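Dumped coords_11.cif below, it's mmCIF, C-alpha atoms:
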```
data_structure
#
loop_
_atom_site.label_atom_id
_atom_site.label_comp_id
_atom_site.auth_asym_id
_atom_site.auth_seq_id
_atom_site.Cartn_x
_atom_site.Cartn_y
_atom_site.Cartn_z
CA MET F 10 106.36 114.33 88.38
CA SER F 11 109.53 116.25 89.08
CA SER F 12 108.03 117.86 92.19
CA VAL F 13 107.20 114.41 93.56
CA ALA F 14 110.68 113.16 92.70
CA LEU F 15 112.18 116.15 94.48
CA ALA F 16 109.90 115.65 97.46
CA LEU F 17 110.94 112.00 97.63
CA ASP F 18 114.50 113.14 98.31
CA ASP F 19 113.22 114.53 101.62
CA TYR F 20 111.95 111.10 102.62
CA VAL F 21 114.05 108.41 100.95
CA GLU F 22 117.79 108.09 101.24
CA ASP F 23 120.29 105.28 101.16
CA GLY F 24 121.35 103.58 104.34
CA PRO F 25 119.63 102.91 107.64
CA PRO F 26 117.27 105.50 109.10
CA ASP F 27 118.71 107.92 111.61
CA ALA F 28 116.83 109.18 114.63
CA GLY F 29 115.12 112.43 113.74
CA THR F 30 114.71 111.74 110.02
CA ARG F 31 111.31 112.17 108.38
CA ARG F 32 110.87 108.43 107.82
CA ASP F 33 107.70 106.95 109.19
CA ALA F 34 105.83 103.71 108.65
CA ASN F 35 102.74 105.80 107.85
CA GLN F 36 104.14 107.66 104.82
CA PHE F 37 102.97 106.61 101.39
CA VAL F 38 103.66 107.52 97.78
CA THR F 39 100.27 107.82 96.11
CA PHE F 40 99.50 107.28 92.45
CA SER F 41 96.60 106.65 90.09
CA VAL F 42 95.70 103.68 87.92
CA GLY F 43 92.65 104.59 85.90
CA ALA F 44 90.24 106.50 88.13
CA ASN F 45 91.49 104.83 91.32
CA ALA F 46 93.95 106.12 93.91
CA TYR F 47 96.57 103.78 95.37
CA GLY F 48 99.54 104.10 97.64
CA ILE F 49 102.64 102.17 98.64
CA ASP F 50 104.99 102.44 101.58
CA ILE F 51 107.47 105.20 100.85
CA MET F 52 110.33 102.99 102.02
CA ALA F 53 109.71 100.59 99.12
CA VAL F 54 110.18 103.29 96.45
CA ARG F 55 113.63 103.41 94.87
CA GLU F 56 112.92 105.88 92.06
CA ILE F 57 110.26 107.36 89.82
CA ARG F 58 110.99 107.18 86.08
CA SER F 59 109.28 108.58 83.05
CA TRP F 60 108.01 106.03 80.56
CA SER F 61 110.58 104.26 78.39
CA ALA F 62 110.37 101.35 75.98
CA ILE F 63 110.08 97.93 77.58
CA THR F 64 111.43 94.70 76.11
CA GLN F 65 108.76 92.02 76.13
CA LEU F 66 109.69 88.47 77.06
CA PRO F 67 107.89 85.21 76.24
CA ASP F 68 105.85 83.49 78.97
CA GLN F 69 105.74 86.47 81.33
CA ALA F 70 104.06 86.47 84.73
CA ARG F 71 100.49 87.78 85.09
CA GLY F 72 100.51 91.54 84.59
CA ALA F 73 104.14 91.71 83.44
CA ARG F 74 104.82 93.95 80.46
CA GLY F 75 108.51 93.10 80.03
CA VAL F 76 111.86 94.28 81.35
CA LEU F 77 113.97 97.43 81.49
CA ASP F 78 117.72 97.85 81.82
CA ILE F 79 118.20 100.30 84.67
CA ARG F 80 121.87 101.13 85.16
CA GLY F 81 122.92 97.62 84.14
CA LYS F 82 120.28 95.82 86.21
CA ILE F 83 117.39 94.04 84.47
CA VAL F 84 114.11 95.01 86.15
CA GLU F 85 110.76 93.36 85.43
CA VAL F 86 107.93 95.84 84.83
CA PHE F 87 104.32 95.11 85.80
CA ASP F 88 101.32 97.07 84.55
CA LEU F 89 99.26 97.63 87.69
CA SER F 90 96.05 97.96 85.67
CA LEU F 91 96.50 94.31 84.65
CA VAL F 92 97.65 93.12 88.06
CA LEU F 93 94.70 94.79 89.77
CA GLY F 94 92.20 93.36 87.29
CA SER F 95 91.31 96.52 85.42
CA GLY F 96 91.90 94.80 82.09
CA SER F 97 94.39 95.19 79.28
CA ARG F 98 95.25 98.56 77.84
CA ASP F 99 97.87 100.07 75.62
CA THR F 100 100.86 101.60 77.33
CA GLN F 101 101.13 105.34 77.00
CA ASP F 102 104.06 107.71 76.95
CA SER F 103 102.38 109.61 79.78
CA GLN F 104 102.66 106.62 82.14
CA VAL F 105 105.23 106.58 84.92
CA ILE F 106 107.29 103.69 86.25
CA LEU F 107 107.75 103.39 89.99
CA VAL F 108 110.81 101.29 90.75
CA VAL F 109 110.18 99.56 94.08
CA ALA F 110 111.94 97.02 96.25
CA ILE F 111 109.94 93.86 96.95
CA ASP F 112 111.52 91.05 98.94
CA GLY F 113 115.06 92.06 98.00
CA ARG F 114 114.47 92.60 94.28
CA ASP F 115 113.70 95.73 92.27
CA VAL F 116 110.46 95.72 90.28
CA GLY F 117 108.93 98.37 88.01
CA LEU F 118 105.27 99.33 88.34
CA ALA F 119 103.62 101.09 85.39
CA VAL F 120 101.05 103.57 86.72
CA ASP F 121 99.16 106.47 85.14
CA SER F 122 100.58 109.21 87.35
CA VAL F 123 102.25 109.81 90.69
CA SER F 124 100.22 112.09 92.91
CA ASP F 125 101.76 112.93 96.25
CA ILE F 126 103.42 111.78 99.43
CA VAL F 127 100.89 111.46 102.24
CA ASP F 128 101.30 111.12 105.98
CA ALA F 129 98.60 108.97 107.56
CA GLY F 130 97.83 109.03 111.26
CA ASP F 131 96.56 105.98 113.10
CA GLY F 132 92.99 107.29 112.83
CA ASP F 133 93.23 107.49 109.03
CA PHE F 134 93.41 103.71 108.51
CA ALA F 135 90.45 101.42 107.84
CA GLU F 136 90.21 97.77 106.83
CA PRO F 137 88.36 97.10 103.58
CA PRO F 138 85.09 95.22 104.14
CA VAL F 139 86.01 92.22 101.92
CA THR F 140 89.15 91.27 100.03
CA GLY F 141 90.29 88.27 98.05
CA GLY F 142 93.41 88.22 100.20
CA LYS F 143 95.28 90.77 102.27
CA ILE F 144 96.53 92.98 99.44
CA ALA F 145 95.33 96.38 100.60
CA THR F 146 94.18 98.52 103.47
CA ILE F 147 92.37 101.85 103.24
CA VAL F 148 93.63 105.31 104.19
CA ARG F 149 91.29 108.29 104.39
CA GLN F 150 92.86 111.51 103.09
CA HIS F 151 90.90 114.73 102.54
CA GLU F 152 87.59 112.97 101.82
CA GLN F 153 89.33 110.52 99.47
CA LEU F 154 89.91 106.81 100.05
CA ILE F 155 93.32 105.47 99.01
CA SER F 156 94.03 101.74 98.75
CA ILE F 157 97.45 101.09 100.28
CA LEU F 158 98.85 98.05 98.47
CA ASP F 159 100.87 95.25 100.03
CA LEU F 160 103.24 94.71 97.09
CA ALA F 161 104.75 91.46 98.38
CA THR F 162 101.29 89.87 98.55
CA LEU F 163 100.05 91.46 95.33
CA LEU F 164 103.05 90.42 93.21
CA GLY F 165 104.18 87.43 95.24
#
```
Could I get this structure in the form of structure tokens?
Amino acid sequence: MSSVALALDDYVEDGPPDAGTRRDANQFVTFSVGANAYGIDIMAVREIRSWSAITQLPDQARGARGVLDIRGKIVEVFDLSLVLGSGSRDTQDSQVILVVAIDGRDVGLAVDSVSDIVDAGDGDFAEPPVTGGKIATIVRQHEQLISILDLATLLG
């Protein structure tokens, strides 16, 4: 995880992008949930955190596990295995929390592990054959298919 966090520093910084930076709309942070590979736009990622205890709240949204206090800001944490329909499971100390920005708010995403940062060229993208809504597109990387999630649609 620390190598990914260090690599993120090369790609994500505060403030508007400057000409010549490594930012690109086709860069994704990839991670696993169960046996599946997923990715999200690198510009949405605020930080990668090791697992910490979450405070559960009554009447939470679908897939929500509770909240965390991150530097004085209360952040809701969603378990992506529940959100994506993989079913309920116990949280594990080995899980990682991706803190991402969605529509102006920070949200935590509990995932099994963070894998890499990938660059995808225009020829690497493919539309999935059928979806229940526009929540993902497909990127081909080294003979692997990665579902790139649209977080605003998925958690909206």
As a check of understanding: the span from CA of Gly130 (chain F) to CA of Leu160 (chain F) is 20.9 Å
One decimal, in Å: what's the spacing between CA of Leu66 (chain F) and CA of Val116 (chain F)? 15.1 Å
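Shortest atom-to-atom contact with Ala135 (chain F) among F:Val38, F:Val92, F:Ala62, F:Leu154: F:Leu154, counting all atoms listed in the file.
Taking only C-alpha atoms into account, Arg114 (chain F) lies nearest to F:Gly165 out of the set F:Ser95, F:Phe37, F:Gly165, F:Asp159.
Considering only C-alpha atoms, the residue among F:Asp115, F:Asp121, F:Glu136, F:Asp131 positioned nearest to Ala53 (chain F) is F:Asp115.
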Anything within 6 Å of (99.1, 103.3, 85.5): list those residues as a VMD selection string, counting all atoms listed in the file and sticking to the file's coordinates. chain F and resid 42 104 119 to 121
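With distances taken over all atoms listed in the file, F:Ser61 is the one residue among F:Ser61, F:Ser124, F:Ser90, F:Asn35 lying closest to Asp78 (chain F).
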Return as a count of residues only the set of residues that the PyMOL selection byres ((chain F and resi 73) around 10) yields on the displayed structure. 21
Would you write out, as a PyMOL selection string, every residue that the PyMOL selection byres ((chain F and resi 123) around 10) captures in this file? chain F and resi 10-11+13-14+38-42+46-48+57+104-107+120-122+124-126
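Our summary of the geometry notes that CA of Asp128 (chain F) is positioned 16.8 Å from CA of Ala145 (chain F).
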I'd like the box whose edges run along x, y and z of the file and which contains every listed atom of region 67-84 of chain F, padded by 6 Å per side; could you state its centre and edge lengths in Å, one decimal, as AutoDock Vina command-line options?
```
--center_x 111.7 --center_y 92.3 --center_z 81.2 --size_x 34.4 --size_y 29.6 --size_z 22.0
```
Translate the PyMOL selection byres ((chain F and resi 144) around 6) into a concrete residue list for this structure, as a list in words. Gly142, Lys143, Ala145, Leu158, Asp159, Thr162 and Leu163 of chain F
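Using all atoms listed in the file, the smallest distance between any of F:Asp112, F:Asn45, F:Trp60, F:Asp133 and Leu93 (chain F) comes from F:Asn45.
The smallest atom-to-atom distance between Gln101 (chain F) and any of F:Gln36, F:Val54, F:Leu77, F:Ser59, using only C-alpha atoms, is found for F:Ser59.
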